[in-house]
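Student: Below you'll find the structure I mean.
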Amino acid sequence: MGRLVLQGVSRRFNDFLAISDVNLEVGDGEFVCLLGPSGCGKTTLLRLVAGLETPTEGELFLDGKKIEGVNEECGFVFQEYVLFPWRTVRGNIEFGPEVKKMPKEERERISRHYIELVGLKGFENHYPHELSGGMKQRVGIARAYANNPKLLLMDEPFGALDAQTRNLMQAELLRIWEKEHISALFVTHSVDEAVYLADWVAVMSARPGTVKEIFKNNLPRPRVRTSLEANALRDAILRSLGAEIKRAAGVY
Amino acid sequence: MKNESGRRGLIINILSLFFFVLLWHALVTLARDNVFNIPFMRLRDIPTPPETWYAFTRSLFMQSHGPVITYGIADHVKASLMRVIQGGIIAFIIAIPVGIGIGYSKLIRDILNPLVEIIRNMPPMAWIPLAIFILVSGGSIFIVFIGMVFPIILNTIHGVKSTDARLIDAAKTLGASGSDIVTKVIIPSALPSIIAGLRIGLGVGWMAIVAAEMVIRSPVGLGYFIWNMGDLGRYAEMVAGMIVIGIIGYIMNISILLLQKRFIKWAG
């Protein structure tokens, strides 16, 4: 489950064409990274999948069902965590089950499970401001998972973390994802991150964003960041991306 | 370290108050001894701190002189506080939905904003004649209501409008309905701002009640008390009443700040 199909999707904001004719297919349980220069519409693409935006043209389908209105089958993980500051770790994770009117015992069972899965045992009653960046994002991931989504949408989730925490969180994300396997669409600026995480990487063009090139990544996990194969792939992606970054910056 | 500077601050606070009282005492007694004289100022008629203290203790509780009963300061405080609480509760009940409505819905904003913007610029005191004219009783409560309702409305609007749009998006993707978004995202997010509005409103309400009681001659209430004592030339009682008004306002302010700390732990 979690097959996502985008057919000729465009999004225009007044005179501003953010993304143009995006065709993309994420297979069941695939981990896909989106790479592209700043302002190429990667976030807009995620918001379209989440149903927080509607496409100007084209259609999106999740498991064959057209996405119309807010798509509650997606778990969204935000760059700046976007946790509810007045709720504890447990309260944040239980938000989804709570608005779905699940009974209390069921909610508690779910939050206990995900708190354990993301490694936050002992921090159940902490408020977000008492947590480090990495811990906050663990809550963000657990909150998305607790809603039992078919597809995980992640918008540069580790972009605000320092380099060491970032590497650790990438490994943690894969550990969690391998345990509870669902499709994932992951936006990032980091080629290294994409090569480490993804089954395949889509490089997007400068604005208006569209899918420019796709790179398969069949390296077995856990991946060695410095292996020859990883370096070769990184090099190929960087070359493809470099041209777009120059275009976005107005350098030819 | 922090405790030490806190204690130092407290000592300075107390010394400063003590110094001011001493200055007050010195100025008045020196004026009475004709040591100096400020023209156009009847400094000698001001009660000294000991006289004020004595007047305060003497008039603190209700007294009966045969058939005549005089209310004590405690009764006046109680009456004024009750009016502020009653007016405040009504203001709170009305201001919260109005503020959330204006902050959240453009339609409600377009309907109510002109009204709110005009009425909020009429000072509570300007309503006193109308309150006397229209209301058989509860005029002072109405004035408190007018004084309190707008600070709470405006702060609620501000709180609602400054709700992080991304939190609303997050709630939506987690399956929240429109009413979930209001009760589980917008209201908690606006709560610090609402409490700040309550604090400002209480300050305004407390000032409004004193003014209202002076004009609406109810036989009990701090505003009535200081006006009446002034009329009777009992200036020591009058000044004692003024100081009581200031101290109670201060206590109310501190109480709300403590309430805020207690209930908004998450603000860090």
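Residues in the structure tokens are named by chain (A, B, ... in the order shown) and by number from 1 within that chain; ligands are numbered from 1 in the order shown.
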Applying 8 Å and only C-alpha atoms, which residues near stretch 233-239 of chain B remain after dropping the ones on its own chain fewer than 6 positions away? List them as a list in words.
Tutor: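 Non-adjacent residues within range: Asp45, Ile46, Pro47, Thr48, Glu51, Thr52, Ala55, Phe56, Ser59, Phe225, Ile226 and Trp227 of chain B.
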Student: For a quick test of understanding: name the residues of chain B lying within 8 Å of chain A when counting only C-alpha atoms, and present them as a PyMOL selection string.
Tutor: chain B and resi 166-167+169-177+180+185+188-189+264-268
Student: Keeping only N, CA and C atoms, write those residues as a PDB file, in the first residue's frame.
Tutor:
```pdb
ATOM      1  N   ARG B 166       1.381  26.824  10.249  1.00  0.00           N
ATOM      2  CA  ARG B 166       1.904  25.472  10.059  1.00  0.00           C
ATOM      3  C   ARG B 166       1.323  24.501  11.083  1.00  0.00           C
ATOM      4  N   LEU B 167       1.010  25.030  12.297  1.00  0.00           N
ATOM      5  CA  LEU B 167       0.368  24.169  13.300  1.00  0.00           C
ATOM      6  C   LEU B 167      -1.016  23.755  12.826  1.00  0.00           C
ATOM      7  N   ASP B 169      -1.879  23.489   9.657  1.00  0.00           N
ATOM      8  CA  ASP B 169      -1.622  22.481   8.613  1.00  0.00           C
ATOM      9  C   ASP B 169      -1.338  21.119   9.234  1.00  0.00           C
ATOM     10  N   ALA B 170      -0.493  21.122  10.265  1.00  0.00           N
ATOM     11  CA  ALA B 170      -0.144  19.860  10.920  1.00  0.00           C
ATOM     12  C   ALA B 170      -1.406  19.196  11.457  1.00  0.00           C
ATOM     13  N   ALA B 171      -2.263  19.992  12.106  1.00  0.00           N
ATOM     14  CA  ALA B 171      -3.497  19.440  12.665  1.00  0.00           C
ATOM     15  C   ALA B 171      -4.385  18.879  11.553  1.00  0.00           C
ATOM     16  N   LYS B 172      -4.452  19.606  10.427  1.00  0.00           N
ATOM     17  CA  LYS B 172      -5.288  19.136   9.311  1.00  0.00           C
ATOM     18  C   LYS B 172      -4.801  17.789   8.789  1.00  0.00           C
ATOM     19  N   THR B 173      -3.474  17.659   8.594  1.00  0.00           N
ATOM     20  CA  THR B 173      -2.983  16.397   8.050  1.00  0.00           C
ATOM     21  C   THR B 173      -3.197  15.259   9.048  1.00  0.00           C
ATOM     22  N   LEU B 174      -3.352  15.603  10.335  1.00  0.00           N
ATOM     23  CA  LEU B 174      -3.610  14.562  11.332  1.00  0.00           C
ATOM     24  C   LEU B 174      -5.097  14.262  11.461  1.00  0.00           C
ATOM     25  N   GLY B 175      -5.905  14.917  10.627  1.00  0.00           N
ATOM     26  CA  GLY B 175      -7.323  14.577  10.592  1.00  0.00           C
ATOM     27  C   GLY B 175      -8.232  15.485  11.399  1.00  0.00           C
ATOM     28  N   ALA B 176      -7.722  16.678  11.812  1.00  0.00           N
ATOM     29  CA  ALA B 176      -8.531  17.559  12.649  1.00  0.00           C
ATOM     30  C   ALA B 176      -9.655  18.207  11.838  1.00  0.00           C
ATOM     31  N   SER B 177     -10.840  18.283  12.445  1.00  0.00           N
ATOM     32  CA  SER B 177     -11.961  18.985  11.825  1.00  0.00           C
ATOM     33  C   SER B 177     -11.862  20.469  12.147  1.00  0.00           C
ATOM     34  N   ASP B 180     -12.110  20.977  15.805  1.00  0.00           N
ATOM     35  CA  ASP B 180     -10.862  20.530  16.448  1.00  0.00           C
ATOM     36  C   ASP B 180      -9.803  21.622  16.334  1.00  0.00           C
ATOM     37  N   VAL B 185      -6.161  23.788  18.604  1.00  0.00           N
ATOM     38  CA  VAL B 185      -4.994  24.517  18.104  1.00  0.00           C
ATOM     39  C   VAL B 185      -5.108  26.010  18.396  1.00  0.00           C
ATOM     40  N   PRO B 188      -5.685  27.025  22.448  1.00  0.00           N
ATOM     41  CA  PRO B 188      -4.463  26.893  23.268  1.00  0.00           C
ATOM     42  C   PRO B 188      -3.352  27.831  22.815  1.00  0.00           C
ATOM     43  N   SER B 189      -3.247  28.021  21.511  1.00  0.00           N
ATOM     44  CA  SER B 189      -2.189  28.889  21.013  1.00  0.00           C
ATOM     45  C   SER B 189      -2.439  30.346  21.412  1.00  0.00           C
ATOM     46  N   ILE B 264       0.621  28.099  31.974  1.00  0.00           N
ATOM     47  CA  ILE B 264       1.286  28.081  30.673  1.00  0.00           C
ATOM     48  C   ILE B 264       2.717  27.643  30.868  1.00  0.00           C
ATOM     49  N   LYS B 265       2.838  26.421  31.352  1.00  0.00           N
ATOM     50  CA  LYS B 265       4.164  25.853  31.606  1.00  0.00           C
ATOM     51  C   LYS B 265       4.923  25.666  30.307  1.00  0.00           C
ATOM     52  N   TRP B 266       4.150  25.435  29.227  1.00  0.00           N
ATOM     53  CA  TRP B 266       4.782  25.040  27.979  1.00  0.00           C
ATOM     54  C   TRP B 266       5.543  26.167  27.307  1.00  0.00           C
ATOM     55  N   ALA B 267       5.320  27.412  27.729  1.00  0.00           N
ATOM     56  CA  ALA B 267       5.979  28.529  27.043  1.00  0.00           C
ATOM     57  C   ALA B 267       7.485  28.558  27.349  1.00  0.00           C
ATOM     58  N   GLY B 268       7.904  27.817  28.377  1.00  0.00           N
ATOM     59  CA  GLY B 268       9.325  27.646  28.634  1.00  0.00           C
ATOM     60  C   GLY B 268      10.007  28.826  29.277  1.00  0.00           C
TER      61      GLY B 268
END
```
Student: Would you please extract all strand (DSSP E or B) residues from stretch 155-241 of chain A, as assigned by DSSP on the backbone, and give them as a list in words?
Tutor: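 Filtering stretch 155-241 of chain A down to strand (DSSP E or B) leaves Asp155, Ser183, Ala184, Leu185, Phe186, Val187, Thr188, Trp200, Val201, Ala202, Val203, Met204, Gly209, Val211, Lys212, Glu213, Ile214, Phe215 and Lys216 of chain A.
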Student: For the selection just defined, write its residues with C-alpha atoms to a file, as a PDB file, in the first residue's frame.
Tutor:
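The new file again31.pdb reads:
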```pdb
ATOM      1  CA  ASP A 155       9.912  18.273   4.138  1.00  0.00           C
ATOM      2  CA  SER A 183       6.117   4.587   1.261  1.00  0.00           C
ATOM      3  CA  ALA A 184       8.074   7.768   1.868  1.00  0.00           C
ATOM      4  CA  LEU A 185       8.581  10.960  -0.078  1.00  0.00           C
ATOM      5  CA  PHE A 186      11.464  12.911   1.382  1.00  0.00           C
ATOM      6  CA  VAL A 187      12.484  16.419   0.308  1.00  0.00           C
ATOM      7  CA  THR A 188      16.079  17.424   0.936  1.00  0.00           C
ATOM      8  CA  TRP A 200      15.601   6.327  -5.956  1.00  0.00           C
ATOM      9  CA  VAL A 201      16.226  10.045  -6.242  1.00  0.00           C
ATOM     10  CA  ALA A 202      14.275  12.507  -8.373  1.00  0.00           C
ATOM     11  CA  VAL A 203      16.194  15.638  -9.327  1.00  0.00           C
ATOM     12  CA  MET A 204      13.956  18.595 -10.007  1.00  0.00           C
ATOM     13  CA  GLY A 209       9.878  22.799 -11.013  1.00  0.00           C
ATOM     14  CA  VAL A 211      11.145  16.168 -12.591  1.00  0.00           C
ATOM     15  CA  LYS A 212      14.349  16.409 -14.588  1.00  0.00           C
ATOM     16  CA  GLU A 213      16.113  13.137 -13.973  1.00  0.00           C
ATOM     17  CA  ILE A 214      15.709  10.006 -11.912  1.00  0.00           C
ATOM     18  CA  PHE A 215      18.567   8.079 -10.287  1.00  0.00           C
ATOM     19  CA  LYS A 216      18.033   4.542  -9.102  1.00  0.00           C
TER      20      LYS A 216
END
```
Student: Got a sec to tell me which of stretch 6-157 of chain B DSSP assigns to alpha helix (DSSP H), as a PyMOL selection string?
Tutor: chain B and resi 6-32+49-58+73-104+106-119+128-134+139-157
Student: Fewer than 4 positions away in the same chain doesn't count, so skip those; otherwise give me all residues within 8 Å of B:His25, counting only C-alpha atoms, as number ranges by chain.
Tutor: B: 21, 29, 48-49
Student: Produce a file of the selected residues containing N, CA and C atoms, as an mmCIF file, in the first residue's frame.
Tutor:
```cif
data_model
loop_
_atom_site.group_PDB
_atom_site.id
_atom_site.type_symbol
_atom_site.label_atom_id
_atom_site.label_comp_id
_atom_site.auth_asym_id
_atom_site.auth_seq_id
_atom_site.Cartn_x
_atom_site.Cartn_y
_atom_site.Cartn_z
ATOM 1 N N VAL B 21 7.944 56.982 51.824
ATOM 2 C CA VAL B 21 7.050 57.266 52.952
ATOM 3 C C VAL B 21 7.701 58.296 53.888
ATOM 4 N N THR B 29 5.331 67.358 57.582
ATOM 5 C CA THR B 29 5.602 67.923 58.921
ATOM 6 C C THR B 29 6.383 69.231 58.816
ATOM 7 N N THR B 48 -0.258 62.871 57.380
ATOM 8 C CA THR B 48 1.062 62.214 57.426
ATOM 9 C C THR B 48 0.859 60.700 57.361
ATOM 10 N N PRO B 49 1.913 59.931 57.062
ATOM 11 C CA PRO B 49 1.773 58.468 57.036
ATOM 12 C C PRO B 49 1.197 57.901 58.329
#
```
Student: Go ahead and compute the interatomic distance for atom CA of A:Gly159 and atom CA of A:Ile93, in Å to one decimal.
Tutor: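 Pair atom CA of A:Gly159 / atom CA of A:Ile93 returns 21.4 Å.
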Student: Please indicate the distance in Å from atom CA of B:Ile243 to atom CA of B:Ile209, rounded to one decimal place.
Tutor: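 That distance, rounded to one decimal, is 15.4 Å.
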Student: Which residues are near B:Leu27? Cut-off 8 Å, only C-alpha atoms, ignore same chain within fewer than 4 positions. Put them as a PDB file with N, CA and C atoms, in the first residue's frame.
Tutor:
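Dumped everything to out_9.pdb:
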```pdb
ATOM      1  N   LEU B  23       9.932  60.555  53.035  1.00  0.00           N
ATOM      2  CA  LEU B  23       9.919  61.842  52.334  1.00  0.00           C
ATOM      3  C   LEU B  23       8.560  62.518  52.475  1.00  0.00           C
ATOM      4  N   ALA B  31       6.208  71.352  56.366  1.00  0.00           N
ATOM      5  CA  ALA B  31       5.273  72.377  55.902  1.00  0.00           C
ATOM      6  C   ALA B  31       4.413  72.858  57.066  1.00  0.00           C
ATOM      7  N   LEU B  43       0.014  71.922  51.340  1.00  0.00           N
ATOM      8  CA  LEU B  43       0.771  70.729  51.711  1.00  0.00           C
ATOM      9  C   LEU B  43       0.465  70.309  53.158  1.00  0.00           C
TER      10      LEU B  43
END
```
Student: Which residues are close to stretch 132-136 of chain B, i.e. within 12 Å by only C-alpha atoms, leaving aside same-chain residues fewer than 3 positions away? Reply as a ChimeraX atom specification.
Tutor: /B:125-129,139-143,212-213,215-218
Student: Save the residues we just selected, N, CA and C atoms, as a compact mmCIF listing (two decimals), in the first residue's frame?
Tutor:
```txt
# COMPACT_ATOMS: atom_id res chain seq x y z
N MET B 125 -15.63 55.67 31.35
CA MET B 125 -16.24 56.77 32.09
C MET B 125 -17.32 57.48 31.28
N ALA B 126 -17.17 57.48 29.94
CA ALA B 126 -18.14 58.16 29.10
C ALA B 126 -19.49 57.45 29.12
N TRP B 127 -19.48 56.21 29.59
CA TRP B 127 -20.73 55.44 29.64
C TRP B 127 -21.50 55.67 30.93
N ILE B 128 -20.88 56.35 31.91
CA ILE B 128 -21.50 56.45 33.24
C ILE B 128 -22.87 57.12 33.19
N PRO B 129 -23.00 58.30 32.52
CA PRO B 129 -24.33 58.92 32.50
C PRO B 129 -25.40 58.00 31.91
N GLY B 139 -25.26 49.49 37.56
CA GLY B 139 -24.57 50.45 36.69
C GLY B 139 -23.06 50.32 36.76
N SER B 140 -22.52 50.15 37.98
CA SER B 140 -21.06 50.07 38.10
C SER B 140 -20.52 48.79 37.50
N ILE B 141 -21.32 47.71 37.60
CA ILE B 141 -20.90 46.45 36.99
C ILE B 141 -20.81 46.62 35.48
N PHE B 142 -21.78 47.35 34.93
CA PHE B 142 -21.78 47.60 33.50
C PHE B 142 -20.53 48.39 33.08
N ILE B 143 -20.15 49.37 33.89
CA ILE B 143 -18.96 50.16 33.56
C ILE B 143 -17.70 49.29 33.59
N ALA B 212 -16.67 54.88 38.51
CA ALA B 212 -18.12 54.67 38.45
C ALA B 212 -18.76 54.84 39.82
N GLU B 213 -18.09 54.33 40.85
CA GLU B 213 -18.66 54.42 42.20
C GLU B 213 -18.69 55.85 42.72
N VAL B 215 -19.42 58.41 40.85
CA VAL B 215 -20.54 59.10 40.21
C VAL B 215 -21.86 58.41 40.52
N ILE B 216 -21.88 57.09 40.39
CA ILE B 216 -23.09 56.34 40.71
C ILE B 216 -23.07 56.15 42.22
N ARG B 217 -23.87 56.93 42.96
CA ARG B 217 -23.66 57.00 44.40
C ARG B 217 -24.23 55.79 45.11
N SER B 218 -23.61 54.65 44.89
CA SER B 218 -24.00 53.51 45.70
C SER B 218 -23.37 53.73 47.07
```
Student: Distance atom CA of A:Arg234-atom CA of A:Val191, one decimal place?
Tutor: 6.4 Å
